[in-house]
Amino acid sequence: MSRRPARFTQGDVARAIRAAKAAGAASLQIKPDGTIIVNLLKSTAVQETDEAVEPEEHFVL
């Protein structure tokens with residue numbers, strides 16, 4: 001039985017965090033499927049992970 005390739009690496013996470021900090025992002029989310037979501041809009045309320053985010057409020061790396 002062979003191993004499957006990693007969906008994201010430690011380097012991917014480090015680059016995403018550095019880019020999010022540089023952009024002044026409000027939060028960063030990495031999903032188990034490897035999708036990295038950077039939320040650029042700052043909000044006063046904390047969003048639940050089940051809430052949908054409008055496309056103009058984030059970008060996917």
# chains A, B, ... in the order shown; residues from 1 in each chain; ligands from 1

call {"tool": "residues_around", "arguments": {"residues": "region 5-10 of chain A", "least_positions_apart": "3", "cutoff": "7 Å", "atoms": "only C-alpha atoms", "output": "MDAnalysis selection string"}}
result
chainID A and resid 13:14 33:34

call {"tool": "write_last_selection", "arguments": {"atoms": "all heavy atoms", "output": "mmCIF file, in the first residue's frame"}}
result
data_model
loop_
_atom_site.group_PDB
_atom_site.id
_atom_site.type_symbol
_atom_site.label_atom_id
_atom_site.label_comp_id
_atom_site.auth_asym_id
_atom_site.auth_seq_id
_atom_site.Cartn_x
_atom_site.Cartn_y
_atom_site.Cartn_z
ATOM 1 N N VAL A 13 2.003 26.184 4.256
ATOM 2 C CA VAL A 13 1.382 26.859 5.397
ATOM 3 C C VAL A 13 2.200 28.103 5.768
ATOM 4 O O VAL A 13 1.634 29.182 5.979
ATOM 5 C CB VAL A 13 1.255 25.906 6.605
ATOM 6 C CG1 VAL A 13 0.761 26.644 7.827
ATOM 7 C CG2 VAL A 13 0.330 24.748 6.268
ATOM 8 N N ALA A 14 3.512 27.971 5.813
ATOM 9 C CA ALA A 14 4.372 29.109 6.167
ATOM 10 C C ALA A 14 4.225 30.241 5.152
ATOM 11 O O ALA A 14 4.116 31.414 5.535
ATOM 12 C CB ALA A 14 5.827 28.655 6.252
ATOM 13 N N ASP A 33 -8.851 19.495 2.768
ATOM 14 C CA ASP A 33 -8.647 19.153 1.357
ATOM 15 C C ASP A 33 -7.493 19.931 0.732
ATOM 16 O O ASP A 33 -7.202 19.780 -0.442
ATOM 17 C CB ASP A 33 -9.925 19.364 0.558
ATOM 18 C CG ASP A 33 -10.353 20.822 0.459
ATOM 19 O OD1 ASP A 33 -9.727 21.673 1.100
ATOM 20 O OD2 ASP A 33 -11.325 21.096 -0.268
ATOM 21 N N GLY A 34 -6.831 20.807 1.524
ATOM 22 C CA GLY A 34 -5.686 21.561 1.034
ATOM 23 C C GLY A 34 -6.019 22.972 0.589
ATOM 24 O O GLY A 34 -5.129 23.732 0.220
#

call {"tool": "decode", "arguments": {"residues": "region 3-35 of chain A", "atoms": "N, CA and C atoms", "output": "PDB file, in the first residue's frame"}}
result
ATOM      1  N   ARG A   3       1.781   5.395   0.020  1.00  0.00           N
ATOM      2  CA  ARG A   3       1.302   6.617   0.676  1.00  0.00           C
ATOM      3  C   ARG A   3       0.827   7.600  -0.363  1.00  0.00           C
ATOM      4  N   ARG A   4      -0.162   8.358  -0.010  1.00  0.00           N
ATOM      5  CA  ARG A   4      -0.637   9.393  -0.933  1.00  0.00           C
ATOM      6  C   ARG A   4       0.153  10.675  -0.680  1.00  0.00           C
ATOM      7  N   PRO A   5       0.289  11.515  -1.672  1.00  0.00           N
ATOM      8  CA  PRO A   5       1.025  12.765  -1.483  1.00  0.00           C
ATOM      9  C   PRO A   5       0.277  13.711  -0.537  1.00  0.00           C
ATOM     10  N   ALA A   6       1.022  14.544   0.138  1.00  0.00           N
ATOM     11  CA  ALA A   6       0.430  15.508   1.070  1.00  0.00           C
ATOM     12  C   ALA A   6      -0.419  16.514   0.308  1.00  0.00           C
ATOM     13  N   ARG A   7      -1.530  16.891   0.911  1.00  0.00           N
ATOM     14  CA  ARG A   7      -2.402  17.890   0.279  1.00  0.00           C
ATOM     15  C   ARG A   7      -1.811  19.282   0.417  1.00  0.00           C
ATOM     16  N   PHE A   8      -1.105  19.536   1.498  1.00  0.00           N
ATOM     17  CA  PHE A   8      -0.358  20.775   1.660  1.00  0.00           C
ATOM     18  C   PHE A   8       0.840  20.471   2.546  1.00  0.00           C
ATOM     19  N   THR A   9       1.881  21.261   2.374  1.00  0.00           N
ATOM     20  CA  THR A   9       3.115  21.031   3.119  1.00  0.00           C
ATOM     21  C   THR A   9       3.314  22.124   4.154  1.00  0.00           C
ATOM     22  N   GLN A  10       4.281  21.918   5.022  1.00  0.00           N
ATOM     23  CA  GLN A  10       4.606  22.929   6.022  1.00  0.00           C
ATOM     24  C   GLN A  10       5.045  24.217   5.333  1.00  0.00           C
ATOM     25  N   GLY A  11       5.746  24.087   4.223  1.00  0.00           N
ATOM     26  CA  GLY A  11       6.154  25.266   3.453  1.00  0.00           C
ATOM     27  C   GLY A  11       4.967  26.035   2.901  1.00  0.00           C
ATOM     28  N   ASP A  12       3.945  25.317   2.433  1.00  0.00           N
ATOM     29  CA  ASP A  12       2.721  25.960   1.946  1.00  0.00           C
ATOM     30  C   ASP A  12       2.065  26.772   3.058  1.00  0.00           C
ATOM     31  N   VAL A  13       2.003  26.184   4.256  1.00  0.00           N
ATOM     32  CA  VAL A  13       1.382  26.859   5.397  1.00  0.00           C
ATOM     33  C   VAL A  13       2.200  28.103   5.768  1.00  0.00           C
ATOM     34  N   ALA A  14       3.512  27.971   5.813  1.00  0.00           N
ATOM     35  CA  ALA A  14       4.372  29.109   6.167  1.00  0.00           C
ATOM     36  C   ALA A  14       4.225  30.241   5.152  1.00  0.00           C
ATOM     37  N   ARG A  15       4.211  29.915   3.859  1.00  0.00           N
ATOM     38  CA  ARG A  15       4.042  30.952   2.822  1.00  0.00           C
ATOM     39  C   ARG A  15       2.686  31.630   2.937  1.00  0.00           C
ATOM     40  N   ALA A  16       1.637  30.844   3.210  1.00  0.00           N
ATOM     41  CA  ALA A  16       0.298  31.409   3.341  1.00  0.00           C
ATOM     42  C   ALA A  16       0.223  32.348   4.539  1.00  0.00           C
ATOM     43  N   ILE A  17       0.836  31.975   5.657  1.00  0.00           N
ATOM     44  CA  ILE A  17       0.821  32.828   6.847  1.00  0.00           C
ATOM     45  C   ILE A  17       1.583  34.114   6.589  1.00  0.00           C
ATOM     46  N   ARG A  18       2.749  34.025   5.966  1.00  0.00           N
ATOM     47  CA  ARG A  18       3.527  35.236   5.665  1.00  0.00           C
ATOM     48  C   ARG A  18       2.765  36.157   4.722  1.00  0.00           C
ATOM     49  N   ALA A  19       2.139  35.585   3.703  1.00  0.00           N
ATOM     50  CA  ALA A  19       1.376  36.394   2.746  1.00  0.00           C
ATOM     51  C   ALA A  19       0.171  37.034   3.419  1.00  0.00           C
ATOM     52  N   ALA A  20      -0.503  36.305   4.297  1.00  0.00           N
ATOM     53  CA  ALA A  20      -1.669  36.844   4.994  1.00  0.00           C
ATOM     54  C   ALA A  20      -1.264  37.990   5.907  1.00  0.00           C
ATOM     55  N   LYS A  21      -0.155  37.826   6.624  1.00  0.00           N
ATOM     56  CA  LYS A  21       0.330  38.911   7.491  1.00  0.00           C
ATOM     57  C   LYS A  21       0.693  40.132   6.670  1.00  0.00           C
ATOM     58  N   ALA A  22       1.372  39.934   5.545  1.00  0.00           N
ATOM     59  CA  ALA A  22       1.777  41.049   4.689  1.00  0.00           C
ATOM     60  C   ALA A  22       0.572  41.793   4.117  1.00  0.00           C
ATOM     61  N   ALA A  23      -0.510  41.065   3.849  1.00  0.00           N
ATOM     62  CA  ALA A  23      -1.715  41.671   3.289  1.00  0.00           C
ATOM     63  C   ALA A  23      -2.614  42.263   4.364  1.00  0.00           C
ATOM     64  N   GLY A  24      -2.281  42.037   5.643  1.00  0.00           N
ATOM     65  CA  GLY A  24      -3.117  42.544   6.723  1.00  0.00           C
ATOM     66  C   GLY A  24      -4.410  41.761   6.862  1.00  0.00           C
ATOM     67  N   ALA A  25      -4.356  40.486   6.601  1.00  0.00           N
ATOM     68  CA  ALA A  25      -5.559  39.649   6.627  1.00  0.00           C
ATOM     69  C   ALA A  25      -6.112  39.505   8.035  1.00  0.00           C
ATOM     70  N   ALA A  26      -7.429  39.347   8.112  1.00  0.00           N
ATOM     71  CA  ALA A  26      -8.104  39.164   9.389  1.00  0.00           C
ATOM     72  C   ALA A  26      -7.926  37.735   9.891  1.00  0.00           C
ATOM     73  N   SER A  27      -7.940  36.760   8.988  1.00  0.00           N
ATOM     74  CA  SER A  27      -7.780  35.363   9.398  1.00  0.00           C
ATOM     75  C   SER A  27      -7.332  34.513   8.221  1.00  0.00           C
ATOM     76  N   LEU A  28      -6.872  33.330   8.561  1.00  0.00           N
ATOM     77  CA  LEU A  28      -6.401  32.367   7.571  1.00  0.00           C
ATOM     78  C   LEU A  28      -6.998  31.020   7.929  1.00  0.00           C
ATOM     79  N   GLN A  29      -7.507  30.308   6.941  1.00  0.00           N
ATOM     80  CA  GLN A  29      -8.123  29.009   7.187  1.00  0.00           C
ATOM     81  C   GLN A  29      -7.545  28.010   6.197  1.00  0.00           C
ATOM     82  N   ILE A  30      -7.102  26.862   6.707  1.00  0.00           N
ATOM     83  CA  ILE A  30      -6.601  25.790   5.852  1.00  0.00           C
ATOM     84  C   ILE A  30      -7.508  24.585   6.061  1.00  0.00           C
ATOM     85  N   LYS A  31      -8.159  24.172   5.006  1.00  0.00           N
ATOM     86  CA  LYS A  31      -9.106  23.058   5.081  1.00  0.00           C
ATOM     87  C   LYS A  31      -8.376  21.740   4.850  1.00  0.00           C
ATOM     88  N   PRO A  32      -8.952  20.644   5.330  1.00  0.00           N
ATOM     89  CA  PRO A  32      -8.311  19.325   5.159  1.00  0.00           C
ATOM     90  C   PRO A  32      -8.071  18.929   3.705  1.00  0.00           C
ATOM     91  N   ASP A  33      -8.851  19.495   2.768  1.00  0.00           N
ATOM     92  CA  ASP A  33      -8.647  19.153   1.357  1.00  0.00           C
ATOM     93  C   ASP A  33      -7.493  19.931   0.732  1.00  0.00           C
ATOM     94  N   GLY A  34      -6.831  20.807   1.524  1.00  0.00           N
ATOM     95  CA  GLY A  34      -5.686  21.561   1.034  1.00  0.00           C
ATOM     96  C   GLY A  34      -6.019  22.972   0.589  1.00  0.00           C
ATOM     97  N   THR A  35      -7.269  23.349   0.630  1.00  0.00           N
ATOM     98  CA  THR A  35      -7.679  24.700   0.258  1.00  0.00           C
ATOM     99  C   THR A  35      -7.245  25.681   1.339  1.00  0.00           C
TER     100      THR A  35
END
